[in-house]
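Participant: Supplied in structure tokens, the structure appears directly below.
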Amino acid sequence: MAANAVEVEDLRKSYGPVQALRGVSFSVAEGEVFALLGPNGAGKTTTVEILEGFRHRDGGRASVLGFDPASGSRRLKEQMGIVLQTSGVDPYLTVAETVDMFRGYYPKPRSRDEVLRLVGLEDKRDSRVTRLSGGQKRRLDVAIALAGDPSMLFLDEPTSGFDPGAKRNAWEVIKGLAGLGKTIFLTSHSMDEVQYLADRVVIIAAGKIVAEGTPESLMGARPATTTVRFRVPPIPLPDSFRKSARVDGENIELETDDPTRTLFELTSWAMQSATSLDGLQVTRPSLEDVYLEITGEVETGGAVLERP
Ligand SMILES: Nc1ncnc2c1ncn2[C@@H]1O[C@H](COP(=O)(O)OP(=O)(O)O)[C@@H](O)[C@H]1O
Ligand SMILES: [Mg+2]
């Protein structure tokens, strides 16, 4: 049996009248990329900060790498890398100086070159922090978290506020870290992020777990209709498709529960008729669809996904 890096049972935390966590239980296996997903105010940061030892729980049990995070154990801190939702580093230090400063806090730091390579900041080693773009600053945050060569990393909304390119970049960095065998505890309100990165997902809303599983199993929990889309071809479709086809502007959409068969029939027809299926696309419901359904916030559309 694989050891668990994190175990949490019946975790509770209130801020005055606000019950931020109302009995949350889950575990994270060693080497896993685990995502805590939920809308704003769900209790993600509260959970992460309890596990990091920055906040105290009101009730329940928690263990991180075999330690109670409330104990403030130095040995635990040495094995944890932390990327806060907002970070403060000295803007007048260079990238290399910043990484070295943090490396100095740990007994067995990772080499500076390797840290910079992992986050793709080798070219920026002599740049001052003030000169970095937002995405580069965030990568420096990850570099800081890696300085001590931790076995476990906490990333609280690591790509919030990123443009799509920077986000892609950060995802590749995180994938790379997962490839090193690190346990990664990620929070996110971004579905595409979790779908791309996580081995396992726990969805929380208003301080309670509302769903958990692999991204695939969460998607499997609802009828998995696949949509096949292509541009309206120059010749009419066979009758067998016309029933289930919907015209959407220049495109035709087919919904199917058996995409292998549908694609076979469709492409066979196209080849035989010497026509092409321009712009052919096959899509499955995204985790975002599932998430909105589960958290019951479909009516508010994307609003819950925005940060205040
Ligand atoms: N320091 C605090 N004082 C009072 N209320 C807080 C504090 N931190 C968080 N909360 C409240 O607890 C709830 C959960 O917040 P948080 O853990 O930050 O959620 P998330 O990270 O999922 O957005 C929210 O209602 C938030 O307003
Ligand atoms: Mg948060």
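Chain labels follow the order of the structure tokens: the first chain is A, the next B, and so on; residue numbering restarts at 1 in every chain, and ligands are counted from 1 in their shown order.
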Need to verify the contact set: Ser27 in chain A, 7 Å, only C-alpha atoms, exclusion of same-chain residues closer than 3 positions in sequence. Can you return it as a ChimeraX atom specification?
Facilitator: /A:4,6-8
Participant: Could you take the residues named above and write them with N, CA and C atoms, as a compact mmCIF listing (two decimals), in the first residue's frame?
Facilitator:
# COMPACT_ATOMS: atom_id res chain seq x y z
N ASN A 4 0.42 7.54 2.48
CA ASN A 4 -0.26 8.80 2.20
C ASN A 4 0.59 9.98 2.64
N VAL A 6 -0.68 13.06 2.74
CA VAL A 6 -1.60 13.90 3.52
C VAL A 6 -2.79 13.07 3.94
N GLU A 7 -3.18 13.22 5.20
CA GLU A 7 -4.44 12.64 5.65
C GLU A 7 -5.19 13.69 6.46
N VAL A 8 -6.46 13.84 6.14
CA VAL A 8 -7.28 14.85 6.79
C VAL A 8 -8.60 14.19 7.15
Participant: Using only C-alpha atoms and all ligand atoms, which residues have at least one atom no more than 12 Å from ligand 1? Output them as a PyMOL selection string.
Facilitator: chain A and resi 12-22+36-50+54-57+84-86+155-157+160+186-190+203-209+304-308
Participant: For range 281-291 of chain A, please output as a count of residues only all residues within 8 Å (counting only C-alpha atoms; exclusion window: fewer than 3 positions along the same chain).
Facilitator: 18
Participant: Using only C-alpha atoms, determine which residues lie at most 7 Å from Val99 in chain A, disregarding the query and same-chain residues fewer than 5 positions distant; provide the list as a short mmCIF file (atom, residue, chain, number, x, y, z; two decimals) with N, CA and C atoms, in the first residue's frame.
Facilitator:
data_model
loop_
_atom_site.label_atom_id
_atom_site.label_comp_id
_atom_site.auth_asym_id
_atom_site.auth_seq_id
_atom_site.Cartn_x
_atom_site.Cartn_y
_atom_site.Cartn_z
N ARG A 112 21.25 25.70 -7.45
CA ARG A 112 20.58 26.88 -8.00
C ARG A 112 20.30 26.70 -9.49
N ALA A 143 10.19 28.54 -7.99
CA ALA A 143 11.63 28.29 -7.75
C ALA A 143 11.93 28.35 -6.26
N ILE A 144 11.36 29.34 -5.57
CA ILE A 144 11.57 29.49 -4.13
C ILE A 144 11.08 28.24 -3.40
N ALA A 147 13.53 25.45 -3.68
CA ALA A 147 14.91 25.68 -3.23
C ALA A 147 15.36 24.63 -2.22
#
Participant: Which of range 28-275 of chain A end up as strand (DSSP E or B) when DSSP is run on this backbone - answer as a ChimeraX atom specification?
Facilitator: /A:28-29,33-37,59-64,67,80-83,94,128,152-156,183-188,200-205,208-213,226-231,245-248,251-256
Participant: Go ahead and save the picked residues with C-alpha atoms, as a PDB file, in the first residue's frame.
Facilitator:
ATOM      1  CA  VAL A  28      -3.355  12.370  -0.828  1.00  0.00           C
ATOM      2  CA  ALA A  29      -1.064   9.515  -1.876  1.00  0.00           C
ATOM      3  CA  VAL A  33      -0.855  15.388  -8.166  1.00  0.00           C
ATOM      4  CA  PHE A  34      -3.888  16.197  -6.070  1.00  0.00           C
ATOM      5  CA  ALA A  35      -6.237  19.096  -6.782  1.00  0.00           C
ATOM      6  CA  LEU A  36      -8.598  20.794  -4.393  1.00  0.00           C
ATOM      7  CA  LEU A  37     -11.113  22.445  -6.637  1.00  0.00           C
ATOM      8  CA  GLY A  59     -11.372  20.419  14.961  1.00  0.00           C
ATOM      9  CA  GLY A  60     -10.532  17.187  13.202  1.00  0.00           C
ATOM     10  CA  ARG A  61      -7.228  15.501  12.446  1.00  0.00           C
ATOM     11  CA  ALA A  62      -4.542  16.363   9.919  1.00  0.00           C
ATOM     12  CA  SER A  63      -1.225  14.771   9.048  1.00  0.00           C
ATOM     13  CA  VAL A  64       1.336  15.859   6.462  1.00  0.00           C
ATOM     14  CA  PHE A  67       3.568  15.067  11.077  1.00  0.00           C
ATOM     15  CA  MET A  80       7.500  21.206   2.226  1.00  0.00           C
ATOM     16  CA  GLY A  81       7.665  23.688  -0.624  1.00  0.00           C
ATOM     17  CA  ILE A  82       5.054  26.395  -0.512  1.00  0.00           C
ATOM     18  CA  VAL A  83       3.725  28.775  -3.145  1.00  0.00           C
ATOM     19  CA  THR A  94      18.254  39.332  -8.694  1.00  0.00           C
ATOM     20  CA  ARG A 128      16.180  42.008 -10.792  1.00  0.00           C
ATOM     21  CA  MET A 152       5.893  17.844  -1.223  1.00  0.00           C
ATOM     22  CA  LEU A 153       4.736  21.053  -2.873  1.00  0.00           C
ATOM     23  CA  PHE A 154       1.702  23.182  -2.072  1.00  0.00           C
ATOM     24  CA  LEU A 155       0.514  25.415  -4.904  1.00  0.00           C
ATOM     25  CA  ASP A 156      -2.408  27.675  -4.050  1.00  0.00           C
ATOM     26  CA  THR A 183       3.668  15.033  -4.219  1.00  0.00           C
ATOM     27  CA  ILE A 184       1.816  18.079  -5.480  1.00  0.00           C
ATOM     28  CA  PHE A 185      -1.127  19.626  -3.674  1.00  0.00           C
ATOM     29  CA  LEU A 186      -2.780  22.116  -5.939  1.00  0.00           C
ATOM     30  CA  THR A 187      -5.777  24.341  -5.480  1.00  0.00           C
ATOM     31  CA  SER A 188      -7.600  25.758  -8.423  1.00  0.00           C
ATOM     32  CA  ARG A 200      -7.173  13.042  -8.370  1.00  0.00           C
ATOM     33  CA  VAL A 201      -9.620  15.819  -7.571  1.00  0.00           C
ATOM     34  CA  VAL A 202     -11.674  16.757  -4.537  1.00  0.00           C
ATOM     35  CA  ILE A 203     -14.330  19.368  -5.204  1.00  0.00           C
ATOM     36  CA  ILE A 204     -15.387  21.517  -2.267  1.00  0.00           C
ATOM     37  CA  ALA A 205     -18.123  24.087  -2.030  1.00  0.00           C
ATOM     38  CA  LYS A 208     -17.894  20.631   2.350  1.00  0.00           C
ATOM     39  CA  ILE A 209     -16.748  17.995  -0.126  1.00  0.00           C
ATOM     40  CA  VAL A 210     -19.276  17.652  -2.943  1.00  0.00           C
ATOM     41  CA  ALA A 211     -17.430  15.206  -5.220  1.00  0.00           C
ATOM     42  CA  GLU A 212     -14.151  13.361  -5.537  1.00  0.00           C
ATOM     43  CA  GLY A 213     -12.373  11.082  -7.974  1.00  0.00           C
ATOM     44  CA  THR A 226     -19.557  13.147 -27.367  1.00  0.00           C
ATOM     45  CA  THR A 227     -20.031  15.934 -29.876  1.00  0.00           C
ATOM     46  CA  VAL A 228     -18.701  15.525 -33.414  1.00  0.00           C
ATOM     47  CA  ARG A 229     -18.473  18.766 -35.353  1.00  0.00           C
ATOM     48  CA  PHE A 230     -17.495  19.608 -38.926  1.00  0.00           C
ATOM     49  CA  ARG A 231     -18.257  22.159 -41.606  1.00  0.00           C
ATOM     50  CA  ALA A 245     -27.459  16.243 -36.866  1.00  0.00           C
ATOM     51  CA  ARG A 246     -27.902  19.838 -35.850  1.00  0.00           C
ATOM     52  CA  VAL A 247     -26.819  22.702 -38.038  1.00  0.00           C
ATOM     53  CA  ASP A 248     -25.025  25.432 -36.138  1.00  0.00           C
ATOM     54  CA  ASN A 251     -21.132  23.686 -38.915  1.00  0.00           C
ATOM     55  CA  ILE A 252     -22.936  20.448 -38.323  1.00  0.00           C
ATOM     56  CA  GLU A 253     -22.977  18.930 -34.855  1.00  0.00           C
ATOM     57  CA  LEU A 254     -23.719  15.297 -34.080  1.00  0.00           C
ATOM     58  CA  GLU A 255     -24.223  14.029 -30.553  1.00  0.00           C
ATOM     59  CA  THR A 256     -23.238  10.424 -30.003  1.00  0.00           C
TER      60      THR A 256
END
Participant: Determine, counting only C-alpha atoms, which protein, DNA and RNA residues have an atom within 10 Å of an atom of Val89 in chain A; residues of the same chain fewer than 3 positions away are not included. Present the result as a ChimeraX atom specification.
Facilitator: /A:92-93,98,129-130,137,140-141,144
Participant: Which residues in range 112-230 of chain A does DSSP call helix (DSSP H, G or I)? List them as a ChimeraX atom specification.
Facilitator: /A:112-119,122-124,129-131,134-146,164-179,191-197,215-220
Participant: Go ahead and save the picked residues with C-alpha atoms, as an mmCIF file, in the first residue's frame.
Facilitator:
data_model
loop_
_atom_site.group_PDB
_atom_site.id
_atom_site.type_symbol
_atom_site.label_atom_id
_atom_site.label_comp_id
_atom_site.auth_asym_id
_atom_site.auth_seq_id
_atom_site.Cartn_x
_atom_site.Cartn_y
_atom_site.Cartn_z
ATOM 1 C CA ARG A 112 20.584 26.882 -8.003
ATOM 2 C CA ASP A 113 21.106 25.970 -11.664
ATOM 3 C CA GLU A 114 18.753 23.057 -11.396
ATOM 4 C CA VAL A 115 16.077 25.127 -9.660
ATOM 5 C CA LEU A 116 16.289 27.785 -12.376
ATOM 6 C CA ARG A 117 16.211 25.163 -15.103
ATOM 7 C CA LEU A 118 13.140 23.468 -13.628
ATOM 8 C CA VAL A 119 11.136 26.689 -13.767
ATOM 9 C CA GLU A 122 17.985 30.323 -16.522
ATOM 10 C CA ASP A 123 18.072 33.326 -18.858
ATOM 11 C CA LYS A 124 16.793 35.613 -16.104
ATOM 12 C CA VAL A 129 12.800 40.793 -9.585
ATOM 13 C CA THR A 130 11.244 44.171 -10.511
ATOM 14 C CA ARG A 131 12.077 43.493 -14.171
ATOM 15 C CA GLY A 134 3.894 38.473 -13.954
ATOM 16 C CA GLY A 135 4.348 34.944 -15.281
ATOM 17 C CA GLN A 136 8.084 35.037 -14.593
ATOM 18 C CA LYS A 137 7.465 36.252 -11.019
ATOM 19 C CA ARG A 138 5.126 33.359 -10.449
ATOM 20 C CA ARG A 139 7.792 30.988 -11.758
ATOM 21 C CA LEU A 140 10.204 32.560 -9.291
ATOM 22 C CA ASP A 141 7.659 31.742 -6.568
ATOM 23 C CA VAL A 142 7.809 28.115 -7.678
ATOM 24 C CA ALA A 143 11.629 28.294 -7.754
ATOM 25 C CA ILE A 144 11.572 29.489 -4.131
ATOM 26 C CA ALA A 145 9.320 26.589 -3.200
ATOM 27 C CA LEU A 146 11.798 24.199 -4.845
ATOM 28 C CA PRO A 164 -3.047 31.602 -21.668
ATOM 29 C CA GLY A 165 0.599 31.358 -22.754
ATOM 30 C CA ALA A 166 1.985 31.820 -19.262
ATOM 31 C CA LYS A 167 -0.564 29.326 -17.976
ATOM 32 C CA ARG A 168 0.567 26.664 -20.457
ATOM 33 C CA ASN A 169 4.128 27.340 -19.404
ATOM 34 C CA ALA A 170 3.340 26.952 -15.724
ATOM 35 C CA TRP A 171 1.478 23.724 -16.420
ATOM 36 C CA GLU A 172 4.552 22.297 -18.119
ATOM 37 C CA VAL A 173 6.644 23.291 -15.096
ATOM 38 C CA ILE A 174 4.188 21.557 -12.759
ATOM 39 C CA LYS A 175 4.102 18.452 -14.984
ATOM 40 C CA GLY A 176 7.876 18.403 -14.816
ATOM 41 C CA LEU A 177 7.807 18.523 -11.019
ATOM 42 C CA ALA A 178 5.295 15.703 -10.917
ATOM 43 C CA GLY A 179 7.701 13.750 -13.125
ATOM 44 C CA MET A 191 -11.266 23.310 -14.647
ATOM 45 C CA ASP A 192 -8.960 23.023 -17.625
ATOM 46 C CA GLU A 193 -5.998 23.244 -15.260
ATOM 47 C CA VAL A 194 -7.194 20.413 -13.073
ATOM 48 C CA GLN A 195 -8.146 18.281 -16.042
ATOM 49 C CA TYR A 196 -4.653 18.722 -17.455
ATOM 50 C CA LEU A 197 -2.640 18.284 -14.267
ATOM 51 C CA PRO A 215 -10.914 13.749 -13.610
ATOM 52 C CA GLU A 216 -12.064 10.869 -15.832
ATOM 53 C CA SER A 217 -14.298 9.323 -13.185
ATOM 54 C CA LEU A 218 -15.879 12.689 -12.440
ATOM 55 C CA MET A 219 -16.693 13.005 -16.094
ATOM 56 C CA GLY A 220 -17.912 9.423 -16.197
#
Participant: Determine the nearest neighbour of ligand 2 from the options A:Pro234, A:Gly23, A:Gly279, A:Pro158, counting only C-alpha atoms and all ligand atoms.
Facilitator: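 Of A:Pro234, A:Gly23, A:Gly279, A:Pro158, the one nearest ligand 2, counting only C-alpha atoms and all ligand atoms, is A:Pro158.
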Participant: Smallest atom-to-atom distance to Thr214 in chain A: which of A:Glu32, A:Glu97, A:Asp278, A:Asp258, using only C-alpha atoms?
Facilitator: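 Closest to Thr214 in chain A of all the choices is A:Glu32.
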